[in-house]
>>> print(open('run-v1.cif').read())   # mmCIF, C-alpha atoms
data_run
loop_
_atom_site.label_atom_id
_atom_site.label_comp_id
_atom_site.auth_asym_id
_atom_site.auth_seq_id
_atom_site.Cartn_x
_atom_site.Cartn_y
_atom_site.Cartn_z
CA MET N 103 -21.88 -102.85 21.46
CA GLY N 104 -19.82 -101.51 18.55
CA MET N 105 -21.27 -98.02 19.03
CA GLU N 106 -20.42 -98.12 22.76
CA VAL N 107 -16.82 -99.09 21.97
CA LYS N 108 -16.60 -96.32 19.38
CA ASN N 109 -17.99 -93.73 21.80
CA SER N 110 -15.69 -94.87 24.61
CA PHE N 111 -12.69 -94.55 22.28
CA ARG N 112 -13.73 -91.03 21.32
CA TYR N 113 -14.21 -90.11 24.97
CA ALA N 114 -10.80 -91.50 25.92
CA LEU N 115 -9.21 -89.66 22.97
CA TRP N 116 -10.87 -86.38 23.98
CA ARG N 117 -9.87 -86.90 27.63
CA ARG N 118 -6.21 -87.37 26.72
CA PHE N 119 -6.27 -84.36 24.39
CA ALA N 120 -8.06 -82.09 26.87
CA SER N 121 -5.70 -83.01 29.70
CA GLY N 122 -2.78 -81.15 28.09
CA ALA N 123 -2.31 -77.40 28.61
CA VAL N 124 -0.28 -77.20 25.39
CA ALA N 125 -3.20 -78.58 23.36
CA TRP N 126 -5.60 -76.04 24.87
CA CYS N 127 -3.18 -73.21 24.06
CA GLY N 128 -3.10 -74.39 20.46
CA VAL N 129 -6.88 -74.68 20.13
CA THR N 130 -7.39 -71.27 21.76
CA GLY N 131 -4.92 -69.70 19.34
CA ILE N 132 -6.66 -71.26 16.33
CA ILE N 133 -10.07 -70.02 17.53
CA LEU N 134 -8.67 -66.52 18.09
CA LEU N 135 -7.35 -66.55 14.52
CA PHE N 136 -10.52 -67.92 12.94
CA ILE N 137 -13.07 -65.64 14.62
CA PRO N 138 -11.62 -62.35 13.26
CA ALA N 139 -10.95 -63.98 9.86
CA VAL N 140 -14.52 -65.28 9.48
CA PHE N 141 -16.25 -62.16 10.84
CA ALA N 142 -13.81 -59.65 9.28
CA PRO N 143 -16.51 -57.54 7.52
CA PHE N 144 -18.19 -56.93 10.91
CA ILE N 145 -14.89 -56.01 12.59
CA ALA N 146 -13.11 -53.93 9.93
CA ASN N 147 -15.20 -52.21 7.27
CA GLY N 148 -15.25 -48.77 5.70
CA ARG N 149 -18.99 -48.96 4.98
CA PRO N 150 -21.63 -48.56 7.72
CA LEU N 151 -23.20 -51.76 9.02
CA LEU N 152 -26.43 -49.85 9.59
CA MET N 153 -27.52 -46.34 8.63
CA ILE N 154 -30.81 -44.56 9.51
CA SER N 155 -31.81 -41.34 7.78
CA HIS N 156 -33.73 -38.46 9.38
CA ASP N 157 -36.98 -39.63 7.77
CA GLY N 158 -36.65 -43.07 9.39
CA GLN N 159 -35.44 -45.04 6.38
CA TRP N 160 -32.67 -47.50 7.16
CA SER N 161 -30.06 -49.18 4.99
CA MET N 162 -27.07 -51.52 5.31
CA PRO N 163 -24.44 -50.22 2.85
CA PHE N 164 -21.94 -53.00 3.65
CA LEU N 165 -24.23 -55.78 2.37
CA ARG N 166 -23.48 -55.38 -1.35
CA SER N 167 -19.73 -55.72 -0.80
CA PHE N 168 -20.38 -58.55 1.66
CA PHE N 169 -22.10 -60.74 -0.96
CA ALA N 170 -20.05 -59.38 -3.90
CA PRO N 171 -16.61 -58.42 -2.55
CA GLU N 172 -14.56 -55.88 -4.50
CA SER N 173 -11.38 -57.94 -4.19
CA SER N 174 -8.78 -59.52 -6.45
CA GLU N 175 -9.34 -62.79 -4.53
CA VAL N 176 -13.12 -62.98 -4.68
CA MET N 177 -13.44 -66.71 -3.96
CA VAL N 178 -11.53 -66.52 -0.67
CA GLU N 179 -13.58 -63.51 0.45
CA LYS N 180 -16.87 -65.20 -0.48
CA LEU N 181 -15.86 -68.43 1.27
CA PHE N 182 -15.18 -66.68 4.59
CA ASN N 183 -18.27 -64.45 4.25
CA PHE N 184 -20.34 -67.58 3.66
CA LEU N 185 -18.93 -69.06 6.86
CA ALA N 186 -19.77 -65.86 8.75
CA LEU N 187 -23.47 -66.47 7.98
CA TYR N 188 -23.53 -70.27 8.01
CA LEU N 189 -21.57 -71.05 11.19
CA PRO N 190 -24.09 -69.37 13.55
CA VAL N 191 -26.90 -71.30 11.81
CA LEU N 192 -24.90 -74.51 12.13
CA LEU N 193 -24.17 -73.95 15.82
CA PHE N 194 -27.78 -73.05 16.58
CA TRP N 195 -29.29 -76.14 14.96
CA VAL N 196 -26.64 -78.52 16.28
CA LEU N 197 -27.39 -77.38 19.84
CA LEU N 198 -31.17 -77.04 19.43
CA CYS N 199 -32.31 -79.90 17.21
CA ARG N 200 -31.98 -83.54 18.28
CA LYS N 201 -33.55 -85.19 15.22
CA LYS N 202 -30.75 -86.02 12.80
CA VAL N 203 -32.89 -86.04 9.64
CA LEU N 204 -34.47 -82.66 10.41
CA LYS N 205 -31.12 -81.19 11.42
CA PHE N 206 -29.46 -82.37 8.18
CA ALA N 207 -32.34 -81.07 6.04
CA VAL N 208 -32.36 -77.61 7.68
CA LEU N 209 -28.56 -77.25 7.47
CA LEU N 210 -28.53 -78.32 3.82
CA ILE N 211 -31.32 -75.89 2.86
CA SER N 212 -29.60 -73.10 4.82
CA ALA N 213 -26.31 -73.74 3.02
CA VAL N 214 -28.01 -73.64 -0.41
CA VAL N 215 -29.95 -70.45 0.36
CA ILE N 216 -26.91 -68.61 1.74
CA ALA N 217 -24.68 -69.80 -1.11
CA ALA N 218 -27.27 -68.60 -3.65
CA GLY N 219 -26.84 -65.05 -2.35
CA PHE N 220 -23.11 -65.15 -3.06
CA PHE N 221 -23.58 -66.63 -6.55
CA ALA N 222 -26.20 -64.01 -7.44
CA GLY N 223 -24.17 -61.02 -6.21
CA LYS N 224 -22.09 -59.07 -8.73
CA PRO N 225 -19.37 -56.62 -7.62
CA VAL N 226 -20.03 -52.93 -8.27
CA MET N 227 -17.32 -50.31 -7.75
CA ASP N 228 -18.50 -48.04 -4.94
CA LYS N 229 -16.33 -44.97 -4.30
CA LYS N 230 -18.74 -43.11 -1.99
CA ASP N 231 -17.31 -41.47 1.12
CA TYR N 232 -19.61 -43.08 3.67
CA ARG N 233 -18.10 -41.24 6.59
CA GLU N 234 -19.13 -37.95 5.02
CA ILE N 235 -22.57 -39.35 4.13
CA ALA N 236 -23.03 -40.76 7.65
CA ALA N 237 -22.27 -37.36 9.18
CA GLY N 238 -25.49 -36.02 7.65
CA GLU N 239 -27.68 -38.94 8.70
CA LYS N 240 -29.57 -39.51 11.94
CA PHE N 241 -27.64 -42.65 12.92
CA ALA N 242 -24.76 -44.66 11.48
CA LEU N 243 -23.18 -47.78 12.96
CA PHE N 244 -19.66 -48.54 11.79
CA ALA N 245 -17.48 -51.56 12.53
CA PRO N 246 -15.01 -51.27 15.45
CA ILE N 247 -12.27 -50.64 12.85
CA PRO N 248 -14.02 -48.27 10.37
CA TYR N 249 -11.61 -48.86 7.51
CA GLY N 250 -11.56 -51.41 4.70
CA PRO N 251 -8.38 -53.33 3.82
CA ASP N 252 -7.90 -51.44 0.52
CA GLU N 253 -9.03 -48.03 1.74
CA ILE N 254 -6.40 -45.28 1.96
CA ALA N 255 -7.25 -43.76 5.31
CA GLY N 256 -4.03 -42.25 6.65
CA MET N 257 -0.49 -41.19 5.86
CA PRO N 258 2.03 -43.66 4.39
CA TYR N 259 3.91 -45.53 7.13
CA GLU N 260 1.88 -43.76 9.81
CA ALA N 261 2.89 -45.00 13.28
CA PRO N 262 0.34 -46.56 15.65
CA GLY N 263 -1.91 -43.96 17.25
CA ARG N 264 -5.44 -43.17 18.37
CA GLU N 265 -6.98 -43.15 14.88
CA HIS N 266 -5.05 -46.17 13.55
CA ILE N 267 -4.21 -48.39 16.50
CA LEU N 268 -1.60 -50.41 14.59
CA GLY N 269 -0.57 -47.70 12.14
CA CYS N 270 -0.72 -47.66 8.35
CA ASP N 271 1.13 -49.41 5.52
CA ASP N 272 3.26 -47.95 2.72
CA ILE N 273 0.36 -46.12 1.02
CA GLY N 274 -1.74 -45.27 4.07
CA ARG N 275 -4.07 -48.27 4.42
CA ASP N 276 -5.04 -49.24 7.97
CA LEU N 277 -2.72 -52.00 9.19
CA ALA N 278 -5.20 -53.55 11.66
CA SER N 279 -7.76 -54.00 8.88
CA ARG N 280 -5.18 -55.51 6.53
CA LEU N 281 -3.92 -57.89 9.23
CA ILE N 282 -7.44 -59.20 9.83
CA TYR N 283 -8.14 -59.71 6.13
CA GLY N 284 -4.60 -61.11 5.70
CA SER N 285 -5.48 -63.84 8.20
CA ARG N 286 -8.08 -65.04 5.68
CA VAL N 287 -5.32 -65.50 3.11
CA SER N 288 -2.97 -67.31 5.50
CA LEU N 289 -5.64 -69.65 6.85
CA ALA N 290 -7.05 -70.41 3.39
CA VAL N 291 -3.59 -71.16 1.97
CA GLY N 292 -2.53 -73.12 5.05
CA LEU N 293 -5.61 -75.33 5.27
CA LEU N 294 -6.19 -75.93 1.55
CA ALA N 295 -2.51 -76.46 0.68
CA ALA N 296 -2.11 -78.88 3.60
CA LEU N 297 -5.28 -80.69 2.50
CA LEU N 298 -3.99 -81.00 -1.07
CA ALA N 299 -0.63 -82.28 0.19
CA MET N 300 -2.45 -84.74 2.44
CA VAL N 301 -4.55 -86.14 -0.43
CA ILE N 302 -1.51 -86.64 -2.67
CA GLY N 303 0.60 -88.05 0.18
CA ILE N 304 -2.12 -90.51 1.23
CA ALA N 305 -2.66 -91.70 -2.35
CA VAL N 306 1.07 -92.25 -2.96
CA GLY N 307 1.85 -93.67 0.49
CA MET N 308 -1.10 -96.08 0.60
CA SER N 309 -0.48 -97.32 -2.94
CA ALA N 310 3.21 -97.93 -2.24
CA GLY N 311 2.64 -99.54 1.17
CA TYR N 312 -0.26 -101.77 0.21
CA PHE N 313 0.64 -102.98 -3.30
CA ARG N 314 4.43 -103.00 -2.73
CA GLY N 315 6.57 -104.59 -5.42
CA LYS N 316 7.43 -102.58 -8.53
CA LEU N 317 4.88 -99.88 -7.78
CA ASP N 318 6.43 -99.30 -4.36
CA LEU N 319 9.91 -99.19 -5.92
CA PHE N 320 8.85 -96.65 -8.55
CA LEU N 321 6.88 -94.38 -6.21
CA MET N 322 9.55 -94.30 -3.51
CA ARG N 323 12.28 -93.49 -6.04
CA LEU N 324 10.09 -90.62 -7.28
CA VAL N 325 9.66 -89.39 -3.71
CA GLU N 326 13.40 -89.61 -3.06
CA VAL N 327 14.16 -87.60 -6.22
CA MET N 328 11.80 -84.85 -5.08
CA GLN N 329 13.28 -85.01 -1.59
CA CYS N 330 16.69 -84.06 -3.00
CA PHE N 331 15.41 -80.53 -3.64
CA PRO N 332 15.04 -78.19 -0.64
CA THR N 333 11.29 -77.56 -0.44
CA PHE N 334 11.42 -73.78 -0.25
CA LEU N 335 13.95 -73.58 -3.08
CA LEU N 336 11.66 -75.76 -5.19
CA LEU N 337 8.76 -73.42 -4.36
CA LEU N 338 10.78 -70.40 -5.50
CA ILE N 339 11.81 -72.11 -8.73
CA LEU N 340 8.23 -73.14 -9.56
CA MET N 341 6.76 -69.73 -8.77
CA SER N 342 9.49 -68.02 -10.80
CA MET N 343 8.89 -70.32 -13.78
CA LEU N 344 5.14 -69.73 -13.64
CA GLY N 345 5.80 -65.99 -13.48
CA ASP N 346 7.91 -66.21 -16.64
CA TYR N 347 4.91 -67.73 -18.42
CA LYS N 348 2.79 -64.71 -17.31
CA ILE N 349 0.66 -66.84 -15.00
CA GLY N 350 -0.83 -64.62 -12.28
CA GLN N 351 0.35 -65.37 -8.76
CA SER N 352 -3.10 -65.76 -7.21
CA ILE N 353 -4.07 -67.59 -4.04
CA PRO N 354 -5.24 -70.75 -5.90
CA LEU N 355 -1.86 -70.93 -7.65
CA VAL N 356 0.03 -70.53 -4.34
CA ILE N 357 -2.15 -73.27 -2.80
CA MET N 358 -1.49 -75.60 -5.73
CA VAL N 359 2.28 -75.08 -5.71
CA ILE N 360 2.66 -75.46 -1.92
CA GLY N 361 0.34 -78.48 -1.88
CA CYS N 362 2.11 -80.21 -4.78
CA THR N 363 5.50 -79.86 -3.08
CA GLY N 364 4.48 -80.61 0.52
CA TRP N 365 3.28 -84.20 0.24
CA ILE N 366 6.66 -85.97 0.39
CA GLY N 367 6.83 -86.36 4.17
CA VAL N 368 3.18 -87.44 4.29
CA ALA N 369 3.82 -90.15 1.69
CA PHE N 370 6.73 -91.59 3.71
CA LEU N 371 4.69 -91.49 6.92
CA VAL N 372 1.58 -93.09 5.41
CA ARG N 373 3.61 -95.78 3.65
CA GLY N 374 5.24 -96.78 6.94
CA GLU N 375 1.90 -96.93 8.75
CA VAL N 376 0.29 -98.97 5.96
CA LEU N 377 3.20 -101.44 5.95
CA LYS N 378 2.77 -101.88 9.69
CA GLU N 379 -1.02 -102.28 9.54
CA SER N 380 -0.87 -104.62 6.52
CA SER N 381 1.14 -107.15 8.52
CA LEU N 382 -1.59 -107.45 11.18
CA PRO N 383 -4.01 -110.42 11.18
CA TYR N 384 -7.18 -108.43 10.47
CA ILE N 385 -5.82 -107.20 7.13
CA LYS N 386 -4.49 -110.63 6.19
CA SER N 387 -7.89 -112.17 6.95
CA CYS N 388 -9.56 -109.56 4.68
CA VAL N 389 -7.16 -110.46 1.84
CA VAL N 390 -7.77 -114.20 2.29
CA SER N 391 -11.55 -113.61 2.39
CA GLY N 392 -11.37 -111.93 -1.02
CA VAL N 393 -12.28 -108.39 0.13
CA PRO N 394 -11.54 -105.94 -2.73
CA SER N 395 -8.32 -103.96 -2.38
CA TRP N 396 -10.05 -100.56 -2.50
CA LYS N 397 -12.34 -101.61 0.33
CA ILE N 398 -9.42 -102.79 2.47
CA MET N 399 -7.55 -99.55 1.83
CA PHE N 400 -10.40 -97.10 2.48
CA LYS N 401 -12.56 -98.98 4.98
CA HIS N 402 -9.89 -100.67 7.12
CA LEU N 403 -6.45 -99.16 6.57
CA LEU N 404 -7.31 -95.46 6.23
CA PRO N 405 -9.45 -95.24 9.41
CA ASN N 406 -6.71 -96.97 11.40
CA ILE N 407 -4.02 -94.55 10.27
CA SER N 408 -6.29 -91.49 10.53
CA GLY N 409 -4.68 -90.39 13.79
CA THR N 410 -1.25 -90.17 12.20
CA VAL N 411 -2.71 -88.41 9.16
CA LEU N 412 -4.54 -85.84 11.31
CA ILE N 413 -1.41 -85.06 13.33
CA SER N 414 0.58 -84.62 10.13
CA PHE N 415 -2.15 -82.35 8.74
CA THR N 416 -1.96 -79.89 11.65
CA PHE N 417 1.82 -79.61 11.34
CA GLY N 418 1.38 -79.28 7.57
CA VAL N 419 -0.93 -76.28 8.00
CA ALA N 420 1.74 -74.48 10.04
CA GLY N 421 4.35 -75.28 7.38
CA ALA N 422 2.10 -74.06 4.56
CA ILE N 423 1.41 -70.76 6.36
CA LEU N 424 5.15 -70.22 6.79
CA SER N 425 5.79 -71.07 3.13
CA GLU N 426 3.12 -68.65 1.91
CA SER N 427 4.47 -65.85 4.11
CA GLY N 428 8.02 -66.51 2.93
CA LEU N 429 6.99 -66.48 -0.73
CA SER N 430 4.94 -63.31 -0.29
CA PHE N 431 7.79 -61.60 1.55
CA LEU N 432 10.11 -62.35 -1.37
CA GLY N 433 7.50 -61.19 -3.91
CA PHE N 434 6.67 -64.64 -5.32
CA GLY N 435 3.47 -65.33 -3.37
CA VAL N 436 0.20 -63.46 -2.93
CA GLN N 437 0.42 -60.15 -4.76
CA PRO N 438 -0.82 -56.68 -3.71
CA PRO N 439 -3.39 -55.27 -3.29
CA THR N 440 -4.44 -58.51 -1.55
CA ALA N 441 -3.39 -58.33 2.10
CA SER N 442 -0.95 -61.00 3.31
CA TRP N 443 1.23 -61.15 6.40
CA GLY N 444 4.26 -61.79 4.20
CA ASN N 445 3.78 -58.84 1.84
CA LEU N 446 3.02 -56.55 4.81
CA MET N 447 6.42 -57.39 6.29
CA ARG N 448 7.99 -56.83 2.88
CA GLN N 449 6.83 -53.19 2.96
CA ALA N 450 9.19 -52.53 5.89
CA PHE N 451 12.18 -54.02 4.09
CA ASP N 452 13.76 -50.64 3.23
CA ASN N 453 13.89 -49.46 6.86
CA PRO N 454 12.64 -52.11 9.32
CA MET N 455 13.55 -50.03 12.38
CA ALA N 456 11.62 -46.93 11.27
CA TYR N 457 8.65 -49.00 10.02
CA TRP N 458 8.78 -51.41 12.94
CA HIS N 459 4.99 -51.80 13.12
CA LEU N 460 4.95 -53.39 9.64
CA THR N 461 7.40 -56.01 10.87
CA PHE N 462 6.28 -56.54 14.45
CA PHE N 463 2.49 -56.96 14.15
CA PRO N 464 2.45 -59.30 11.09
CA GLY N 465 5.30 -61.23 12.73
CA VAL N 466 3.25 -61.68 15.90
CA MET N 467 0.27 -62.94 13.87
CA LEU N 468 2.50 -65.38 12.02
CA PHE N 469 4.04 -66.57 15.29
CA ILE N 470 0.61 -67.14 16.86
CA ALA N 471 -0.65 -69.07 13.81
CA VAL N 472 2.36 -71.38 13.55
CA MET N 473 2.56 -71.90 17.31
CA SER N 474 -1.18 -72.68 17.58
CA PHE N 475 -1.20 -75.35 14.87
CA ASN N 476 2.04 -76.89 16.16
CA PHE N 477 0.71 -77.00 19.73
CA THR N 478 -2.55 -78.56 18.51
CA GLY N 479 -0.58 -81.15 16.54
CA ASP N 480 1.47 -81.96 19.62
CA GLY N 481 -1.75 -82.34 21.63
CA LEU N 482 -3.16 -84.73 19.04
CA ARG N 483 0.07 -86.73 19.07
CA ARG N 484 -0.19 -87.17 22.84
CA ALA N 485 -3.89 -88.07 22.56
CA PHE N 486 -3.33 -90.82 19.98
CA ASP N 487 -0.21 -92.14 21.75
CA VAL N 488 -1.73 -94.36 24.45
CA LYS N 489 1.76 -95.10 25.82
CA GLU N 490 1.83 -91.56 27.27
CA ASP N 491 -1.18 -92.21 29.53
#
>>> encode(input="run-v1.cif", output="structure tokens")
Amino acid sequence: MGMEVKNSFRYALWRRFASGAVAWCGVTGIILLFIPAVFAPFIANGRPLLMISHDGQWSMPFLRSFFAPESSEVMVEKLFNFLALYLPVLLFWVLLCRKKVLKFAVLLISAVVIAAGFFAGKPVMDKKDYREIAAGEKFALFAPIPYGPDEIAGMPYEAPGREHILGCDDIGRDLASRLIYGSRVSLAVGLLAALLAMVIGIAVGMSAGYFRGKLDLFLMRLVEVMQCFPTFLLLLILMSMLGDYKIGQSIPLVIMVIGCTGWIGVAFLVRGEVLKESSLPYIKSCVVSGVPSWKIMFKHLLPNISGTVLISFTFGVAGAILSESGLSFLGFGVQPPTASWGNLMRQAFDNPMAYWHLTFFPGVMLFIAVMSFNFTGDGLRRAFDVKED
């Protein structure tokens, strides 16, 4: 009976979410962002995906850099490359296998085997001109965009044309390739920073709302003090201070700073929801029955406020992407040569009209990302709000 109620709730939730055109626009936008980001090495790559010599020997020159990326942000590259291999396996077994134990075992073994390849791989600098090498071979298959994100392949500030469909950046790197790899940075920062902010906000909000008293007074005063600072100004101050201490402005640092400053709204929201839920009879009966506090908080309260938390998370991802782009545009975020939508727009700062492609195309990507997560959050809000049925 309990399982039937649970399934009917999920069905009703999905029905309300799927009934909104705005929600579908958001989900479609997120999918369109994730597919190029995950499969970037197969879409934009300066090394051949497959090469066959005249004597019939074949090779895949892109594989070494796939498992051991030559990047300043190796962990982000490896994470998305892992997903490029694991997600098809996951989708295949979820659709094919009906036995839960077998499905779990196969997916776990697959994850370990694929991850082992990334741990074993060591980056090796490869400066070969594969286009020249491929010209002398029997067959060579390149990605649709045959340029890597760090490969100088054209003239500085080259306008969009037949060879480079979106043009080139300030030193001649293909803009389309850098936009695709830059989406990895934006999505990684957005999702992980929002997740970190969510964890901190839930911990503070639930502690203040459930235990109340002096702890609530102390935590809320701390939140109000932090709320006095404009969030983006606080981000600039923190990144500037860390720069003075010669701490490299890497993606993990940007995630940590954005996450540690973005939890204030979540804490207020969670505290309010916990106060409301704590006054209901089912929580009071748990307290009277002697159920441990941690069990009440994580088994009863957290699942019942999960809808609000999920909605806040989607809006938080959009905010984190905007924050990262703003910091990178001002020179305090992700640093070159790593591609980022913000630092691509910064390259057009001297003459935005002449270098319009460096402003327009990253701006469109940023607009699509923020709009998609906001639309998805609005769809979730409507789905969880039964009063809008």
>>> closest_atom_pairs(input="run-v1.cif", of="region 118-175 of chain N", to="region 284-303 of chain N", cutoff="9 Å", atoms="all atoms listed in the file", output="Markdown table")
| residue | atom | partner | partner_atom | distance |
| --- | --- | --- | --- | --- |
| N:Leu135 | CA | N:Ser285 | CA | 7.1 |
| N:Phe136 | CA | N:Leu289 | CA | 8.0 |
| N:Pro138 | CA | N:Ser285 | CA | 8.1 |
| N:Ala139 | CA | N:Arg286 | CA | 5.2 |
| N:Val140 | CA | N:Arg286 | CA | 7.5 |
| N:Ala142 | CA | N:Arg286 | CA | 8.7 |
>>> atom_distance(input="run-v1.cif", atom1="CA of Ser387 (chain N)", atom2="CA of Leu317 (chain N)")
23.0 Å
>>> residues_near_point(input="run-v1.cif", point="(-5.8, -85.4, 23.5)", cutoff="7 Å", atoms="all atoms listed in the file", output="list of chain:residue names")
N:Leu115, N:Trp116, N:Arg117, N:Arg118, N:Phe119, N:Ala120, N:Ser121, N:Gly122, N:Gly481, N:Leu482, N:Arg484, N:Ala485, N:Phe486
>>> atom_distance(input="run-v1.cif", atom1="CA of Gly418 (chain N)", atom2="CA of Phe434 (chain N)")
20.2 Å
>>> closest_residue(input="run-v1.cif", among="N:Thr363, N:Ala114, N:Val226, N:Asp276", to="Ser173 (chain N)", atoms="all atoms listed in the file")
N:Val226
>>> closest_residue(input="run-v1.cif", among="N:Leu337, N:Val389, N:Leu268, N:Ala369", to="Tyr457 (chain N)", atoms="all atoms listed in the file")
N:Leu268
>>> resolve_selection(input="run-v1.cif", expression="the PyMOL selection byres ((chain N and resi 141) around 12)", output="PyMOL selection string")
chain N and resi 134-140+142-147+168+179-190+245-246+279+282-283+285-286
>>> atom_distance(input="run-v1.cif", atom1="CA of Leu335 (chain N)", atom2="CA of Asp452 (chain N)")
23.8 Å
>>> resolve_selection(input="run-v1.cif", expression="the PyMOL selection byres ((chain N and resi 208-212) around 8)", output="list in words")
Tyr188, Val191, Leu192, Trp195, Leu204, Lys205, Phe206, Ala207, Ala213, Val214, Val215 and Ile216 of chain N
>>> closest_residue(input="run-v1.cif", among="N:Phe244, N:Phe220, N:Phe417, N:Phe463", to="Met153 (chain N)", atoms="only C-alpha atoms")
N:Phe244
>>> closest_residue(input="run-v1.cif", among="N:Ala123, N:Val390, N:Ala218, N:Val376", to="Phe313 (chain N)", atoms="only C-alpha atoms")
N:Val376
>>> residues_around(input="run-v1.cif", residues="Arg275 (chain N)", least_positions_apart="2", cutoff="9 Å", atoms="only C-alpha atoms", output="PyMOL selection string")
chain N and resi 249-259+269-273+277+279-280
>>> decode(input="run-v1.cif", residues="region 403-445 of chain N", atoms="C-alpha atoms", output="PDB file, in the first residue's frame")
ATOM      1  CA  LEU N 403      11.837  16.389   8.050  1.00  0.00           C
ATOM      2  CA  LEU N 404      14.340  16.328   5.169  1.00  0.00           C
ATOM      3  CA  PRO N 405      12.212  14.164   2.819  1.00  0.00           C
ATOM      4  CA  ASN N 406       9.205  16.407   3.438  1.00  0.00           C
ATOM      5  CA  ILE N 407      11.088  19.586   2.566  1.00  0.00           C
ATOM      6  CA  SER N 408      12.962  17.985  -0.360  1.00  0.00           C
ATOM      7  CA  GLY N 409      10.704  19.670  -2.911  1.00  0.00           C
ATOM      8  CA  THR N 410      11.598  23.130  -1.647  1.00  0.00           C
ATOM      9  CA  VAL N 411      15.283  22.178  -1.485  1.00  0.00           C
ATOM     10  CA  LEU N 412      15.263  20.837  -5.060  1.00  0.00           C
ATOM     11  CA  ILE N 413      13.609  23.990  -6.405  1.00  0.00           C
ATOM     12  CA  SER N 414      16.143  26.148  -4.592  1.00  0.00           C
ATOM     13  CA  PHE N 415      18.969  24.000  -5.989  1.00  0.00           C
ATOM     14  CA  THR N 416      17.976  24.586  -9.626  1.00  0.00           C
ATOM     15  CA  PHE N 417      17.817  28.347  -9.107  1.00  0.00           C
ATOM     16  CA  GLY N 418      21.126  28.129  -7.224  1.00  0.00           C
ATOM     17  CA  VAL N 419      22.827  26.471 -10.208  1.00  0.00           C
ATOM     18  CA  ALA N 420      21.794  29.383 -12.443  1.00  0.00           C
ATOM     19  CA  GLY N 421      23.101  31.865  -9.874  1.00  0.00           C
ATOM     20  CA  ALA N 422      26.419  30.020  -9.519  1.00  0.00           C
ATOM     21  CA  ILE N 423      26.937  29.962 -13.308  1.00  0.00           C
ATOM     22  CA  LEU N 424      26.330  33.714 -13.434  1.00  0.00           C
ATOM     23  CA  SER N 425      28.712  34.297 -10.525  1.00  0.00           C
ATOM     24  CA  GLU N 426      31.480  32.234 -12.133  1.00  0.00           C
ATOM     25  CA  SER N 427      31.078  34.051 -15.450  1.00  0.00           C
ATOM     26  CA  GLY N 428      31.130  37.430 -13.709  1.00  0.00           C
ATOM     27  CA  LEU N 429      34.262  36.560 -11.744  1.00  0.00           C
ATOM     28  CA  SER N 430      36.013  35.200 -14.832  1.00  0.00           C
ATOM     29  CA  PHE N 431      35.065  38.279 -16.854  1.00  0.00           C
ATOM     30  CA  LEU N 432      36.661  40.496 -14.203  1.00  0.00           C
ATOM     31  CA  GLY N 433      39.760  38.277 -14.024  1.00  0.00           C
ATOM     32  CA  PHE N 434      39.070  36.796 -10.569  1.00  0.00           C
ATOM     33  CA  GLY N 435      37.589  33.457 -11.634  1.00  0.00           C
ATOM     34  CA  VAL N 436      38.776  30.630 -13.864  1.00  0.00           C
ATOM     35  CA  GLN N 437      42.105  31.601 -15.398  1.00  0.00           C
ATOM     36  CA  PRO N 438      43.410  31.068 -18.958  1.00  0.00           C
ATOM     37  CA  PRO N 439      44.252  28.836 -20.715  1.00  0.00           C
ATOM     38  CA  THR N 440      41.166  27.075 -19.307  1.00  0.00           C
ATOM     39  CA  ALA N 441      38.149  28.003 -21.427  1.00  0.00           C
ATOM     40  CA  SER N 442      35.295  29.794 -19.652  1.00  0.00           C
ATOM     41  CA  TRP N 443      32.380  31.782 -21.018  1.00  0.00           C
ATOM     42  CA  GLY N 444      33.344  34.688 -18.772  1.00  0.00           C
ATOM     43  CA  ASN N 445      36.994  34.914 -19.812  1.00  0.00           C
TER      44      ASN N 445
END
